[in-house]
Amino acid sequence: MIKLVVQKKYQQEMTEDAKKELASVQAYLDTNPMELQKNTINCLILEGRTIEIREKMHVVLVLVNECEFPVTAMKFQFKITCKNEEDNIQFAEATIYLDHDYLGKLNKREGIIFHIEIPIKGKPRKAIYKNSDLNGELKQVQVGS
């Protein structure tokens, strides 16, 4: 079972909305188990919301530590693709670095909720994409402990 934790940066200033999101995502993970790859960081996209005026998508994902040791920093390339080929959207690839001051300590089988805006090209068919619509891939994962 995955246990969601709050990033070190936000532990002192969690809003009521953030607490609700944490509880909601934890309930989702409890009833929809993820298949986890061992010895790496795993990614599950929960939702993507298009921001057409800015040609971006606001993406909510969960990052889970499945390494045999606590992780205090991570760097990776994040790539999104649509599962449905009818969606002609191209997503920019992002290089993300989460340092110790942001992340804190993420033990094995613990996860965090992470929000990011990704530039897109193309015309989205809908405003909200669920995890069944999008694939998220982490490449060149590097972790610090």
# chains A, B, ... in the order shown; residues from 1 in each chain; ligands from 1
call {"tool": "residues_around", "arguments": {"residues": "A:Thr95", "least_positions_apart": "4", "cutoff": "7 Å", "atoms": "only C-alpha atoms", "output": "list in words"}}
result
Phe76, Gln77 and Phe78 of chain A
call {"tool": "select_by_dssp", "arguments": {"residues": "chain A", "states": "strand (DSSP E)", "output": "ChimeraX atom specification"}}
result
/A:3-4,41-51,56-65,73-82,90-91,94-98,110-121,128-130,134-144
call {"tool": "select_by_dssp", "arguments": {"residues": "stretch 4-144 of chain A", "states": "alpha helix (DSSP H)", "output": "PDB file with all heavy atoms, in the first residue's frame"}}
result
ATOM      1  N   GLU A  16      -6.681  24.007   3.584  1.00  0.00           N
ATOM      2  CA  GLU A  16      -7.778  23.038   3.693  1.00  0.00           C
ATOM      3  C   GLU A  16      -7.979  22.306   2.363  1.00  0.00           C
ATOM      4  O   GLU A  16      -8.236  21.106   2.349  1.00  0.00           O
ATOM      5  CB  GLU A  16      -9.076  23.725   4.135  1.00  0.00           C
ATOM      6  CG  GLU A  16      -9.088  24.103   5.603  1.00  0.00           C
ATOM      7  CD  GLU A  16      -8.827  22.915   6.530  1.00  0.00           C
ATOM      8  OE1 GLU A  16      -9.467  21.850   6.359  1.00  0.00           O
ATOM      9  OE2 GLU A  16      -7.977  23.052   7.426  1.00  0.00           O
ATOM     10  N   ASP A  17      -7.835  23.023   1.246  1.00  0.00           N
ATOM     11  CA  ASP A  17      -7.967  22.390  -0.070  1.00  0.00           C
ATOM     12  C   ASP A  17      -6.879  21.332  -0.277  1.00  0.00           C
ATOM     13  O   ASP A  17      -7.144  20.263  -0.831  1.00  0.00           O
ATOM     14  CB  ASP A  17      -7.895  23.424  -1.193  1.00  0.00           C
ATOM     15  CG  ASP A  17      -9.167  24.247  -1.305  1.00  0.00           C
ATOM     16  OD1 ASP A  17     -10.208  23.823  -0.754  1.00  0.00           O
ATOM     17  OD2 ASP A  17      -9.127  25.318  -1.942  1.00  0.00           O
ATOM     18  N   ALA A  18      -5.658  21.622   0.163  1.00  0.00           N
ATOM     19  CA  ALA A  18      -4.565  20.655   0.024  1.00  0.00           C
ATOM     20  C   ALA A  18      -4.826  19.423   0.880  1.00  0.00           C
ATOM     21  O   ALA A  18      -4.561  18.296   0.466  1.00  0.00           O
ATOM     22  CB  ALA A  18      -3.231  21.299   0.400  1.00  0.00           C
ATOM     23  N   LYS A  19      -5.369  19.617   2.067  1.00  0.00           N
ATOM     24  CA  LYS A  19      -5.706  18.483   2.945  1.00  0.00           C
ATOM     25  C   LYS A  19      -6.789  17.611   2.312  1.00  0.00           C
ATOM     26  O   LYS A  19      -6.714  16.387   2.365  1.00  0.00           O
ATOM     27  CB  LYS A  19      -6.153  18.978   4.319  1.00  0.00           C
ATOM     28  CG  LYS A  19      -5.032  19.592   5.135  1.00  0.00           C
ATOM     29  CD  LYS A  19      -5.547  20.162   6.442  1.00  0.00           C
ATOM     30  CE  LYS A  19      -4.429  20.871   7.198  1.00  0.00           C
ATOM     31  NZ  LYS A  19      -4.918  21.522   8.422  1.00  0.00           N
ATOM     32  N   LYS A  20      -7.779  18.263   1.700  1.00  0.00           N
ATOM     33  CA  LYS A  20      -8.845  17.517   1.023  1.00  0.00           C
ATOM     34  C   LYS A  20      -8.291  16.738  -0.168  1.00  0.00           C
ATOM     35  O   LYS A  20      -8.666  15.584  -0.387  1.00  0.00           O
ATOM     36  CB  LYS A  20      -9.953  18.468   0.556  1.00  0.00           C
ATOM     37  CG  LYS A  20     -10.790  19.018   1.681  1.00  0.00           C
ATOM     38  CD  LYS A  20     -11.819  19.995   1.149  1.00  0.00           C
ATOM     39  CE  LYS A  20     -12.563  20.673   2.278  1.00  0.00           C
ATOM     40  NZ  LYS A  20     -13.476  21.713   1.797  1.00  0.00           N
ATOM     41  N   GLU A  21      -7.403  17.382  -0.935  1.00  0.00           N
ATOM     42  CA  GLU A  21      -6.797  16.698  -2.078  1.00  0.00           C
ATOM     43  C   GLU A  21      -5.989  15.491  -1.614  1.00  0.00           C
ATOM     44  O   GLU A  21      -6.083  14.408  -2.195  1.00  0.00           O
ATOM     45  CB  GLU A  21      -5.897  17.653  -2.859  1.00  0.00           C
ATOM     46  CG  GLU A  21      -5.244  16.979  -4.062  1.00  0.00           C
ATOM     47  CD  GLU A  21      -4.266  17.865  -4.796  1.00  0.00           C
ATOM     48  OE1 GLU A  21      -3.389  18.470  -4.142  1.00  0.00           O
ATOM     49  OE2 GLU A  21      -4.373  17.937  -6.032  1.00  0.00           O
ATOM     50  N   LEU A  22      -5.210  15.650  -0.557  1.00  0.00           N
ATOM     51  CA  LEU A  22      -4.403  14.554  -0.025  1.00  0.00           C
ATOM     52  C   LEU A  22      -5.296  13.383   0.391  1.00  0.00           C
ATOM     53  O   LEU A  22      -5.022  12.227   0.043  1.00  0.00           O
ATOM     54  CB  LEU A  22      -3.568  15.049   1.159  1.00  0.00           C
ATOM     55  CG  LEU A  22      -2.527  14.094   1.707  1.00  0.00           C
ATOM     56  CD1 LEU A  22      -1.388  13.895   0.710  1.00  0.00           C
ATOM     57  CD2 LEU A  22      -1.977  14.611   3.031  1.00  0.00           C
ATOM     58  N   ALA A  23      -6.384  13.658   1.106  1.00  0.00           N
ATOM     59  CA  ALA A  23      -7.301  12.598   1.551  1.00  0.00           C
ATOM     60  C   ALA A  23      -7.980  11.926   0.360  1.00  0.00           C
ATOM     61  O   ALA A  23      -8.119  10.699   0.323  1.00  0.00           O
ATOM     62  CB  ALA A  23      -8.341  13.170   2.511  1.00  0.00           C
ATOM     63  N   SER A  24      -8.389  12.720  -0.625  1.00  0.00           N
ATOM     64  CA  SER A  24      -9.063  12.178  -1.801  1.00  0.00           C
ATOM     65  C   SER A  24      -8.138  11.282  -2.620  1.00  0.00           C
ATOM     66  O   SER A  24      -8.528  10.182  -3.046  1.00  0.00           O
ATOM     67  CB  SER A  24      -9.575  13.340  -2.664  1.00  0.00           C
ATOM     68  OG  SER A  24     -10.077  12.868  -3.883  1.00  0.00           O
ATOM     69  N   VAL A  25      -6.910  11.725  -2.842  1.00  0.00           N
ATOM     70  CA  VAL A  25      -5.962  10.931  -3.626  1.00  0.00           C
ATOM     71  C   VAL A  25      -5.559   9.679  -2.855  1.00  0.00           C
ATOM     72  O   VAL A  25      -5.425   8.597  -3.437  1.00  0.00           O
ATOM     73  CB  VAL A  25      -4.731  11.774  -4.038  1.00  0.00           C
ATOM     74  CG1 VAL A  25      -3.680  10.911  -4.712  1.00  0.00           C
ATOM     75  CG2 VAL A  25      -5.154  12.909  -4.957  1.00  0.00           C
ATOM     76  N   GLN A  26      -5.399   9.792  -1.537  1.00  0.00           N
ATOM     77  CA  GLN A  26      -5.078   8.605  -0.733  1.00  0.00           C
ATOM     78  C   GLN A  26      -6.197   7.573  -0.840  1.00  0.00           C
ATOM     79  O   GLN A  26      -5.938   6.379  -1.024  1.00  0.00           O
ATOM     80  CB  GLN A  26      -4.845   8.986   0.736  1.00  0.00           C
ATOM     81  CG  GLN A  26      -4.417   7.804   1.606  1.00  0.00           C
ATOM     82  CD  GLN A  26      -3.042   7.281   1.249  1.00  0.00           C
ATOM     83  OE1 GLN A  26      -2.058   7.984   1.383  1.00  0.00           O
ATOM     84  NE2 GLN A  26      -2.968   6.040   0.796  1.00  0.00           N
ATOM     85  N   ALA A  27      -7.443   8.016  -0.769  1.00  0.00           N
ATOM     86  CA  ALA A  27      -8.580   7.097  -0.913  1.00  0.00           C
ATOM     87  C   ALA A  27      -8.572   6.444  -2.297  1.00  0.00           C
ATOM     88  O   ALA A  27      -8.840   5.252  -2.431  1.00  0.00           O
ATOM     89  CB  ALA A  27      -9.889   7.843  -0.674  1.00  0.00           C
ATOM     90  N   TYR A  28      -8.258   7.227  -3.327  1.00  0.00           N
ATOM     91  CA  TYR A  28      -8.176   6.677  -4.689  1.00  0.00           C
ATOM     92  C   TYR A  28      -7.098   5.590  -4.772  1.00  0.00           C
ATOM     93  O   TYR A  28      -7.331   4.515  -5.321  1.00  0.00           O
ATOM     94  CB  TYR A  28      -7.889   7.797  -5.697  1.00  0.00           C
ATOM     95  CG  TYR A  28      -7.695   7.283  -7.096  1.00  0.00           C
ATOM     96  CD1 TYR A  28      -8.784   7.027  -7.920  1.00  0.00           C
ATOM     97  CD2 TYR A  28      -6.420   7.013  -7.596  1.00  0.00           C
ATOM     98  CE1 TYR A  28      -8.615   6.525  -9.201  1.00  0.00           C
ATOM     99  CE2 TYR A  28      -6.241   6.515  -8.878  1.00  0.00           C
ATOM    100  CZ  TYR A  28      -7.331   6.276  -9.674  1.00  0.00           C
ATOM    101  OH  TYR A  28      -7.154   5.762 -10.931  1.00  0.00           O
ATOM    102  N   LEU A  29      -5.915   5.878  -4.220  1.00  0.00           N
ATOM    103  CA  LEU A  29      -4.818   4.902  -4.267  1.00  0.00           C
ATOM    104  C   LEU A  29      -5.145   3.653  -3.451  1.00  0.00           C
ATOM    105  O   LEU A  29      -4.742   2.546  -3.817  1.00  0.00           O
ATOM    106  CB  LEU A  29      -3.521   5.526  -3.766  1.00  0.00           C
ATOM    107  CG  LEU A  29      -2.927   6.628  -4.648  1.00  0.00           C
ATOM    108  CD1 LEU A  29      -1.743   7.271  -3.956  1.00  0.00           C
ATOM    109  CD2 LEU A  29      -2.536   6.088  -6.007  1.00  0.00           C
ATOM    110  N   ASP A  30      -5.862   3.817  -2.355  1.00  0.00           N
ATOM    111  CA  ASP A  30      -6.242   2.674  -1.516  1.00  0.00           C
ATOM    112  C   ASP A  30      -7.199   1.735  -2.250  1.00  0.00           C
ATOM    113  O   ASP A  30      -7.182   0.527  -2.020  1.00  0.00           O
ATOM    114  CB  ASP A  30      -6.885   3.146  -0.211  1.00  0.00           C
ATOM    115  CG  ASP A  30      -5.893   3.827   0.725  1.00  0.00           C
ATOM    116  OD1 ASP A  30      -4.663   3.728   0.501  1.00  0.00           O
ATOM    117  OD2 ASP A  30      -6.353   4.472   1.694  1.00  0.00           O
ATOM    118  N   THR A  31      -8.035   2.283  -3.127  1.00  0.00           N
ATOM    119  CA  THR A  31      -9.021   1.453  -3.832  1.00  0.00           C
ATOM    120  C   THR A  31      -8.599   1.088  -5.257  1.00  0.00           C
ATOM    121  O   THR A  31      -9.250   0.266  -5.892  1.00  0.00           O
ATOM    122  CB  THR A  31     -10.394   2.161  -3.882  1.00  0.00           C
ATOM    123  OG1 THR A  31     -10.238   3.444  -4.483  1.00  0.00           O
ATOM    124  CG2 THR A  31     -10.971   2.315  -2.481  1.00  0.00           C
ATOM    125  N   HIS A 100      16.259  18.481  -1.600  1.00  0.00           N
ATOM    126  CA  HIS A 100      15.894  18.093  -0.230  1.00  0.00           C
ATOM    127  C   HIS A 100      15.015  19.149   0.431  1.00  0.00           C
ATOM    128  O   HIS A 100      14.089  18.816   1.184  1.00  0.00           O
ATOM    129  CB  HIS A 100      17.147  17.832   0.609  1.00  0.00           C
ATOM    130  CG  HIS A 100      16.807  17.428   2.009  1.00  0.00           C
ATOM    131  ND1 HIS A 100      16.752  18.318   3.041  1.00  0.00           N
ATOM    132  CD2 HIS A 100      16.478  16.222   2.527  1.00  0.00           C
ATOM    133  CE1 HIS A 100      16.404  17.691   4.157  1.00  0.00           C
ATOM    134  NE2 HIS A 100      16.236  16.413   3.865  1.00  0.00           N
ATOM    135  N   ASP A 101      15.278  20.429   0.173  1.00  0.00           N
ATOM    136  CA  ASP A 101      14.469  21.488   0.788  1.00  0.00           C
ATOM    137  C   ASP A 101      13.020  21.435   0.325  1.00  0.00           C
ATOM    138  O   ASP A 101      12.119  21.835   1.051  1.00  0.00           O
ATOM    139  CB  ASP A 101      15.062  22.868   0.472  1.00  0.00           C
ATOM    140  CG  ASP A 101      16.379  23.100   1.194  1.00  0.00           C
ATOM    141  OD1 ASP A 101      16.629  22.460   2.237  1.00  0.00           O
ATOM    142  OD2 ASP A 101      17.167  23.922   0.697  1.00  0.00           O
ATOM    143  N   TYR A 102      12.789  20.957  -0.874  1.00  0.00           N
ATOM    144  CA  TYR A 102      11.426  20.810  -1.384  1.00  0.00           C
ATOM    145  C   TYR A 102      10.822  19.470  -0.961  1.00  0.00           C
ATOM    146  O   TYR A 102       9.721  19.412  -0.443  1.00  0.00           O
ATOM    147  CB  TYR A 102      11.406  20.912  -2.915  1.00  0.00           C
ATOM    148  CG  TYR A 102      10.019  20.676  -3.490  1.00  0.00           C
ATOM    149  CD1 TYR A 102       9.121  21.717  -3.594  1.00  0.00           C
ATOM    150  CD2 TYR A 102       9.619  19.408  -3.892  1.00  0.00           C
ATOM    151  CE1 TYR A 102       7.850  21.516  -4.088  1.00  0.00           C
ATOM    152  CE2 TYR A 102       8.344  19.190  -4.390  1.00  0.00           C
ATOM    153  CZ  TYR A 102       7.462  20.246  -4.483  1.00  0.00           C
ATOM    154  OH  TYR A 102       6.198  20.028  -4.957  1.00  0.00           O
ATOM    155  N   LEU A 103      11.575  18.409  -1.184  1.00  0.00           N
ATOM    156  CA  LEU A 103      11.044  17.056  -1.028  1.00  0.00           C
ATOM    157  C   LEU A 103      11.037  16.578   0.413  1.00  0.00           C
ATOM    158  O   LEU A 103      10.072  15.973   0.871  1.00  0.00           O
ATOM    159  CB  LEU A 103      11.857  16.087  -1.896  1.00  0.00           C
ATOM    160  CG  LEU A 103      11.375  14.648  -1.978  1.00  0.00           C
ATOM    161  CD1 LEU A 103       9.978  14.576  -2.571  1.00  0.00           C
ATOM    162  CD2 LEU A 103      12.343  13.830  -2.822  1.00  0.00           C
TER     163      LEU A 103
END
call {"tool": "closest_residue", "arguments": {"among": "A:Thr15, A:Asn88, A:Asn32, A:Asn39", "to": "A:Gln142", "atoms": "only C-alpha atoms"}}
result
A:Asn39
call {"tool": "closest_residue", "arguments": {"among": "A:Glu55, A:Asp87, A:Glu47, A:Glu110", "to": "A:Ser132", "atoms": "only C-alpha atoms"}}
result
A:Glu47
call {"tool": "closest_residue", "arguments": {"among": "A:Leu36, A:Ile113, A:Leu134, A:Val143", "to": "A:Tyr10", "atoms": "only C-alpha atoms"}}
result
A:Ile113
call {"tool": "closest_residue", "arguments": {"among": "A:Val6, A:Leu61, A:Met14, A:Cys67", "to": "A:Arg49", "atoms": "only C-alpha atoms"}}
result
A:Leu61
call {"tool": "atom_distance", "arguments": {"atom1": "atom CA of A:Gly111", "atom2": "atom CA of A:Ala94"}}
result
19.7 Å
call {"tool": "atom_distance", "arguments": {"atom1": "atom CA of A:Val59", "atom2": "atom CA of A:Ser145"}}
result
26.5 Å
call {"tool": "closest_residue", "arguments": {"among": "A:Lys139, A:Lys75, A:Arg54, A:Lys105", "to": "A:Lys9", "atoms": "only C-alpha atoms"}}
result
A:Lys105
call {"tool": "atom_distance", "arguments": {"atom1": "atom CA of A:Ala127", "atom2": "atom CA of A:His58"}}
result
10.5 Å
call {"tool": "decode", "arguments": {"residues": "stretch 49-135 of chain A", "atoms": "C-alpha atoms", "output": "tab-separated table (two decimals), in the first residue's frame"}}
result
chain	number	residue	atom	x	y	z
A	49	ARG	CA	-6.64	20.11	-17.35
A	50	THR	CA	-6.09	22.07	-20.52
A	51	ILE	CA	-5.41	25.79	-20.32
A	52	GLU	CA	-6.14	26.71	-23.94
A	53	ILE	CA	-5.35	30.42	-23.69
A	54	ARG	CA	-1.84	29.61	-22.51
A	55	GLU	CA	-1.42	26.40	-24.58
A	56	LYS	CA	-0.60	24.37	-21.49
A	57	MET	CA	-1.95	21.48	-19.48
A	58	HIS	CA	-2.05	21.51	-15.69
A	59	VAL	CA	-1.10	17.95	-14.73
A	60	VAL	CA	-1.59	16.34	-11.32
A	61	LEU	CA	0.48	13.25	-10.65
A	62	VAL	CA	1.69	11.02	-7.85
A	63	LEU	CA	5.38	10.17	-7.51
A	64	VAL	CA	6.08	7.01	-5.48
A	65	ASN	CA	9.42	5.84	-4.10
A	66	GLU	CA	9.92	2.13	-4.74
A	67	CYS	CA	13.67	2.24	-4.02
A	68	GLU	CA	15.07	0.19	-1.15
A	69	PHE	CA	16.18	3.38	0.63
A	70	PRO	CA	14.73	6.78	1.55
A	71	VAL	CA	14.99	9.39	-1.22
A	72	THR	CA	15.78	13.01	-0.32
A	73	ALA	CA	16.18	14.42	-3.84
A	74	MET	CA	15.25	13.34	-7.35
A	75	LYS	CA	15.83	14.46	-10.91
A	76	PHE	CA	14.09	13.05	-13.97
A	77	GLN	CA	12.68	13.78	-17.39
A	78	PHE	CA	8.90	13.69	-17.50
A	79	LYS	CA	7.11	12.77	-20.71
A	80	ILE	CA	3.37	12.62	-21.35
A	81	THR	CA	1.54	10.99	-24.23
A	82	CYS	CA	-2.15	10.48	-24.95
A	83	LYS	CA	-3.44	6.91	-24.90
A	84	ASN	CA	-6.03	7.71	-27.58
A	85	GLU	CA	-4.46	8.41	-30.98
A	86	GLU	CA	-7.40	10.67	-31.86
A	87	ASP	CA	-5.95	13.19	-29.41
A	88	ASN	CA	-3.43	15.05	-31.52
A	89	ILE	CA	-1.62	16.76	-28.66
A	90	GLN	CA	2.13	17.08	-28.35
A	91	PHE	CA	3.50	17.64	-24.86
A	92	ALA	CA	6.79	19.33	-24.06
A	93	GLU	CA	9.19	17.10	-22.15
A	94	ALA	CA	10.18	18.54	-18.77
A	95	THR	CA	13.32	18.01	-16.72
A	96	ILE	CA	12.35	18.16	-13.06
A	97	TYR	CA	14.63	18.46	-10.05
A	98	LEU	CA	13.21	18.17	-6.53
A	99	ASP	CA	15.86	18.98	-3.94
A	100	HIS	CA	15.89	18.09	-0.23
A	101	ASP	CA	14.47	21.49	0.79
A	102	TYR	CA	11.43	20.81	-1.38
A	103	LEU	CA	11.04	17.06	-1.03
A	104	GLY	CA	12.27	16.20	2.46
A	105	LYS	CA	12.51	12.44	2.99
A	106	LEU	CA	10.44	9.99	0.95
A	107	ASN	CA	10.60	6.46	2.34
A	108	LYS	CA	9.91	3.30	0.36
A	109	ARG	CA	6.24	3.05	-0.72
A	110	GLU	CA	5.61	6.68	0.16
A	111	GLY	CA	4.39	9.10	-2.48
A	112	ILE	CA	3.76	12.78	-3.04
A	113	ILE	CA	1.21	14.68	-5.09
A	114	PHE	CA	2.93	16.90	-7.64
A	115	HIS	CA	1.39	19.62	-9.85
A	116	ILE	CA	3.05	20.87	-13.03
A	117	GLU	CA	2.06	22.89	-16.09
A	118	ILE	CA	3.32	21.41	-19.35
A	119	PRO	CA	3.29	23.33	-22.67
A	120	ILE	CA	1.21	21.61	-25.36
A	121	LYS	CA	0.75	21.87	-29.13
A	122	GLY	CA	-2.38	20.81	-30.90
A	123	LYS	CA	-6.08	21.11	-30.20
A	124	PRO	CA	-7.27	19.17	-27.13
A	125	ARG	CA	-10.58	17.36	-27.64
A	126	LYS	CA	-11.67	17.97	-24.06
A	127	ALA	CA	-10.91	20.19	-21.10
A	128	ILE	CA	-10.19	17.44	-18.56
A	129	TYR	CA	-8.16	14.29	-19.18
A	130	LYS	CA	-8.22	11.50	-16.60
A	131	ASN	CA	-5.48	8.97	-15.84
A	132	SER	CA	-7.14	6.58	-18.29
A	133	ASP	CA	-6.44	9.14	-21.06
A	134	LEU	CA	-2.77	9.93	-20.41
A	135	ASN	CA	0.50	8.06	-20.05
